[in-house]
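> Can you keep this structure in mind? I'll have questions shortly.
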Amino acid sequence: MAKHIKTITRSRLLKREHTGCGECQTSCQSACKTSCTVGNQTCLNTKTK
Amino acid sequence: MIHCFTLGGVKLVYDVHSHSLHEVDDLAWALLYWELYQEPERAMSVLLTEGYTGEEIGEALEEIARLRADRLLCTADPFSGYEPPAFVVKALCLNVAHNCNLSCRYCFAGAGSLGQTAVLMPSSTARQAVDFLLSHSGTRQNVEIDFFGGEPLLNMPVVEATVAYARERGRAEGKEIGFTITTNAVLLDEHISRFLLENGINVVLSIDGRPEVHDRLRQTHGGKGSHAQVLSHIMQYLQRHREWSGPKGYCYVRGTFTRYNLDFAQDFRYLAGLGIDEISLEPVVARPTDDYSLRGEDLSAVAAEYERLAEAYLEMNAGGRDIRFFHFEIDLDGGPCLPKLLSGCGAGHSYLAVTAQGDLYPCHQFIGREAYRLGNVSGGSLPTELIEQFRTAHIYAKPKCRQCWAKFLCSGGCQAHCHLENNNILEPPELACQMMRQRLECALYVRSRKEQLL
């Protein structure tokens, strides 16, 4: 058990489970319309699995 | 690459390339901090004088080494030779009305007219836009149409006809079409609400927060405030949305903040206090000469306010509310894949905007910037060189982004904003970058605190 570092998220980003299928929602179609934030979009593959 | 920061007394380390987040103690923080500045040998002597034992330092170094080996810390850039996806249109923003029933001072669409004569999109043009989308969407199964303006509810017959037509054409092509509408809610009555709910349309409702904040900039053409009417319609819609038992789209309430409400966390509290659970507040996009524009001197106030907003958000969630602030909902575990994070909003190559006359632009904010007109939905060829400029305008093509810790979370920022301020889609505006980084630190902090709540 780590004493000094608590890992909060172990991202799967590098595991390439989703390979850019391009099916998820376009970020500017969501709620902002002005300030691009892509990190908060949902992966459609994860959602439907 | 790592980013070390403290917020709310918590020391956090975000590993940029693996997207991992760690909370560290003082010792690990000091070791990573020294390492960041490439003076690890100095760390040891300083930490020993600060009272840490050699054993403790050894333990922390071992944890750091383990995370490195697991590719969760100081991870190398995984995608330096990135090749963006080919031109495929996935989403269209239809400006169904170049007209508006409000005259908001900060509107980038120039009170709805987008610098053009007020006009409504004819049904025939909207149908051509649907055909254009489907014929340029390649193998995409899920495509999107966003009704925008101006004020889209001013052209409701065309919105209704377009949804029906798109559904029919989508079925024939074997594609799912998702719809979103962004409205000021002035005309949002029972009939329209029912249509939006029945058709599962995502709805974005514009209100800036407290009455005095909203009414200062979101006024009628006669100069009167619109808050009372808009709020009443929004609350009625939210009630219908809550009561709707069938499948339904999401509903976000969205506001803009300017230098006139640098205390925008109060607007978040105000909206949350009304029972609204999904809220977005956006920094205004403006020229530096606009009186309401955010400036460099406002940055520390904006940063402090995002922190207050984060604390308010956590307090409400800890109290049992499932409240959302759009920009804090970063999903590091199951969010977008790396190619999505690299390709950003898709403006100009997977996301296009269509004017009421059918003219195509890279996105809704580019409308009216003539050098960026891409063609028309009625036919004709598209300018491949211009599209290529957008397709290749990803973070690795932006020198500033390459070295930025926030690159995989913001994806290079808004292309229209880059162009507006620097006349170059590859050069993000510094002020917007700084606000984005402030907001993202808060989002990562929120993520770390939510862990305690779960």
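Ordered as shown in the structure tokens, chains take letters A, B, and onward, while each chain numbers its residues from 1 and ligands are numbered from 1 in the order shown.
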Need the shell around region 262-279 of chain B: protein/DNA/RNA residues with any atom at most 9 Å away, counting only C-alpha atoms. Skip same-chain ones fewer than 2 positions apart. Format as a ChimeraX atom specification?
/A:31 /B:208-210,213,235,238,250-255,257-260,281,294,298,301-302,305-310,312-313,316,321-326
> Which polymer residues have any atom within 9 Å of an atom of region 56-68 of chain B, counting only C-alpha atoms, with same-chain residues fewer than 4 positions away left out, as a PyMOL selection string?
(chain A and resi 2-5) or (chain B and resi 27-28+31-32+44+47-48+52+72-75)
> Could you give me, as JSON lines, every chain B residue with an atom at most 7 Å from chain A, plus its closest atom pair and distance in Å to one decimal, counting only C-alpha atoms, rows ordered by chain then number?

{"residue": "B:Ser18", "atom": "CA", "partner": "A:Leu13", "partner_atom": "CA", "distance": 5.9}
{"residue": "B:His19", "atom": "CA", "partner": "A:Ser11", "partner_atom": "CA", "distance": 5.5}
{"residue": "B:Ser20", "atom": "CA", "partner": "A:Arg10", "partner_atom": "CA", "distance": 5.1}
{"residue": "B:Leu21", "atom": "CA", "partner": "A:Thr9", "partner_atom": "CA", "distance": 5.2}
{"residue": "B:His22", "atom": "CA", "partner": "A:Thr7", "partner_atom": "CA", "distance": 4.3}
{"residue": "B:Glu23", "atom": "CA", "partner": "A:Lys6", "partner_atom": "CA", "distance": 5.1}
{"residue": "B:Val24", "atom": "CA", "partner": "A:Ile5", "partner_atom": "CA", "distance": 4.5}
{"residue": "B:Asp25", "atom": "CA", "partner": "A:His4", "partner_atom": "CA", "distance": 5.4}
{"residue": "B:Ala28", "atom": "CA", "partner": "A:His4", "partner_atom": "CA", "distance": 6.0}
{"residue": "B:Ala60", "atom": "CA", "partner": "A:His4", "partner_atom": "CA", "distance": 5.9}
{"residue": "B:Glu63", "atom": "CA", "partner": "A:Ala2", "partner_atom": "CA", "distance": 6.6}
{"residue": "B:Leu72", "atom": "CA", "partner": "A:Arg10", "partner_atom": "CA", "distance": 6.9}
{"residue": "B:Ala91", "atom": "CA", "partner": "A:Thr26", "partner_atom": "CA", "distance": 6.8}
{"residue": "B:Arg140", "atom": "CA", "partner": "A:Glu23", "partner_atom": "CA", "distance": 6.3}
{"residue": "B:Gln141", "atom": "CA", "partner": "A:Glu23", "partner_atom": "CA", "distance": 6.8}
{"residue": "B:Asn142", "atom": "CA", "partner": "A:Glu23", "partner_atom": "CA", "distance": 5.6}
{"residue": "B:Asp146", "atom": "CA", "partner": "A:Gln29", "partner_atom": "CA", "distance": 6.3}
{"residue": "B:Thr180", "atom": "CA", "partner": "A:Gln29", "partner_atom": "CA", "distance": 6.8}
{"residue": "B:Val204", "atom": "CA", "partner": "A:Ala31", "partner_atom": "CA", "distance": 6.1}
{"residue": "B:Tyr252", "atom": "CA", "partner": "A:Ala31", "partner_atom": "CA", "distance": 6.4}
{"residue": "B:Arg254", "atom": "CA", "partner": "A:Ala31", "partner_atom": "CA", "distance": 6.8}
{"residue": "B:Ser280", "atom": "CA", "partner": "A:Ala31", "partner_atom": "CA", "distance": 6.8}
{"residue": "B:Glu282", "atom": "CA", "partner": "A:Cys32", "partner_atom": "CA", "distance": 6.7}
{"residue": "B:His327", "atom": "CA", "partner": "A:Asn40", "partner_atom": "CA", "distance": 6.8}
{"residue": "B:Glu329", "atom": "CA", "partner": "A:Asn40", "partner_atom": "CA", "distance": 5.3}
{"residue": "B:Ile330", "atom": "CA", "partner": "A:Asn40", "partner_atom": "CA", "distance": 4.1}
{"residue": "B:Asp331", "atom": "CA", "partner": "A:Asn40", "partner_atom": "CA", "distance": 5.7}
{"residue": "B:Leu332", "atom": "CA", "partner": "A:Ser11", "partner_atom": "CA", "distance": 5.9}
{"residue": "B:Asp333", "atom": "CA", "partner": "A:Ser11", "partner_atom": "CA", "distance": 4.9}
{"residue": "B:Gly334", "atom": "CA", "partner": "A:Thr46", "partner_atom": "CA", "distance": 6.5}
{"residue": "B:Gly335", "atom": "CA", "partner": "A:Thr42", "partner_atom": "CA", "distance": 5.1}
{"residue": "B:Pro336", "atom": "CA", "partner": "A:Cys43", "partner_atom": "CA", "distance": 4.9}
{"residue": "B:Cys337", "atom": "CA", "partner": "A:His18", "partner_atom": "CA", "distance": 5.8}
{"residue": "B:Leu338", "atom": "CA", "partner": "A:Leu13", "partner_atom": "CA", "distance": 6.2}
{"residue": "B:Pro339", "atom": "CA", "partner": "A:Gly20", "partner_atom": "CA", "distance": 5.0}
{"residue": "B:Lys340", "atom": "CA", "partner": "A:Gly20", "partner_atom": "CA", "distance": 6.0}
{"residue": "B:Leu341", "atom": "CA", "partner": "A:Val38", "partner_atom": "CA", "distance": 6.3}
{"residue": "B:Gly344", "atom": "CA", "partner": "A:Val38", "partner_atom": "CA", "distance": 6.2}
{"residue": "B:Cys345", "atom": "CA", "partner": "A:Ser27", "partner_atom": "CA", "distance": 5.4}
{"residue": "B:Leu409", "atom": "CA", "partner": "A:Gly39", "partner_atom": "CA", "distance": 4.5}
{"residue": "B:Cys410", "atom": "CA", "partner": "A:Thr37", "partner_atom": "CA", "distance": 4.8}
{"residue": "B:Ser411", "atom": "CA", "partner": "A:Val38", "partner_atom": "CA", "distance": 6.3}
{"residue": "B:Gly413", "atom": "CA", "partner": "A:Cys36", "partner_atom": "CA", "distance": 5.3}
{"residue": "B:Cys414", "atom": "CA", "partner": "A:Cys36", "partner_atom": "CA", "distance": 5.2}
{"residue": "B:Ser448", "atom": "CA", "partner": "A:Ile8", "partner_atom": "CA", "distance": 6.4}
> With only C-alpha atoms as the counted atoms, please give the residues lying no more than 12 Å from Asp359 (chain B), apart from itself and same-chain residues fewer than 2 positions off, as a ChimeraX atom specification.
/B:92-96,121,125-126,128-129,132,352-357,361-364,366-370,372-380,382
> Give the answer as one residue: which of B:Phe328, B:Val16, B:Gly348, B:Glu385 has the shortest atom-to-atom distance to Leu440 (chain B), using only C-alpha atoms?
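Among the listed residues, B:Phe328 lies closest to Leu440 (chain B).
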> Write out as a ChimeraX atom specification all residues of region 224-422 of chain B that DSSP puts in alpha helix (DSSP H) for this structure's backbone.
/B:227-243,265-273,299-318,338-343,384-391,399-402,407-410,415-422
> Would you mind telling me which residue in B:Ala97, B:Leu134, B:Val119, B:Glu451 lies nearest to Leu154 (chain B) when using only C-alpha atoms?
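So, comparing all the options, the nearest one is B:Ala97.
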> Please extract the residues of region 168-337 of chain B with a backbone DSSP assignment of strand (DSSP E) and present them as a ChimeraX atom specification.
/B:176-183,202-206,251-257,278-283,324-325
> Quick one, how far is CA of Thr6 (chain B) from CA of Tyr33 (chain B)?
11.9 Å
> Which of these residues is nearest to Lys224 (chain B), using only C-alpha atoms: B:Cys104, B:Val88, B:Ala30, B:Ala76?
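Using only C-alpha atoms, Lys224 (chain B) sits closest to B:Cys104.
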> Could you give me, as a PyMOL selection string, the residues within 6 Å of region 387-400 of chain B, counting only C-alpha atoms and dropping anything in the same chain fewer than 4 positions from it?
chain B and resi 343+348-349+412+426
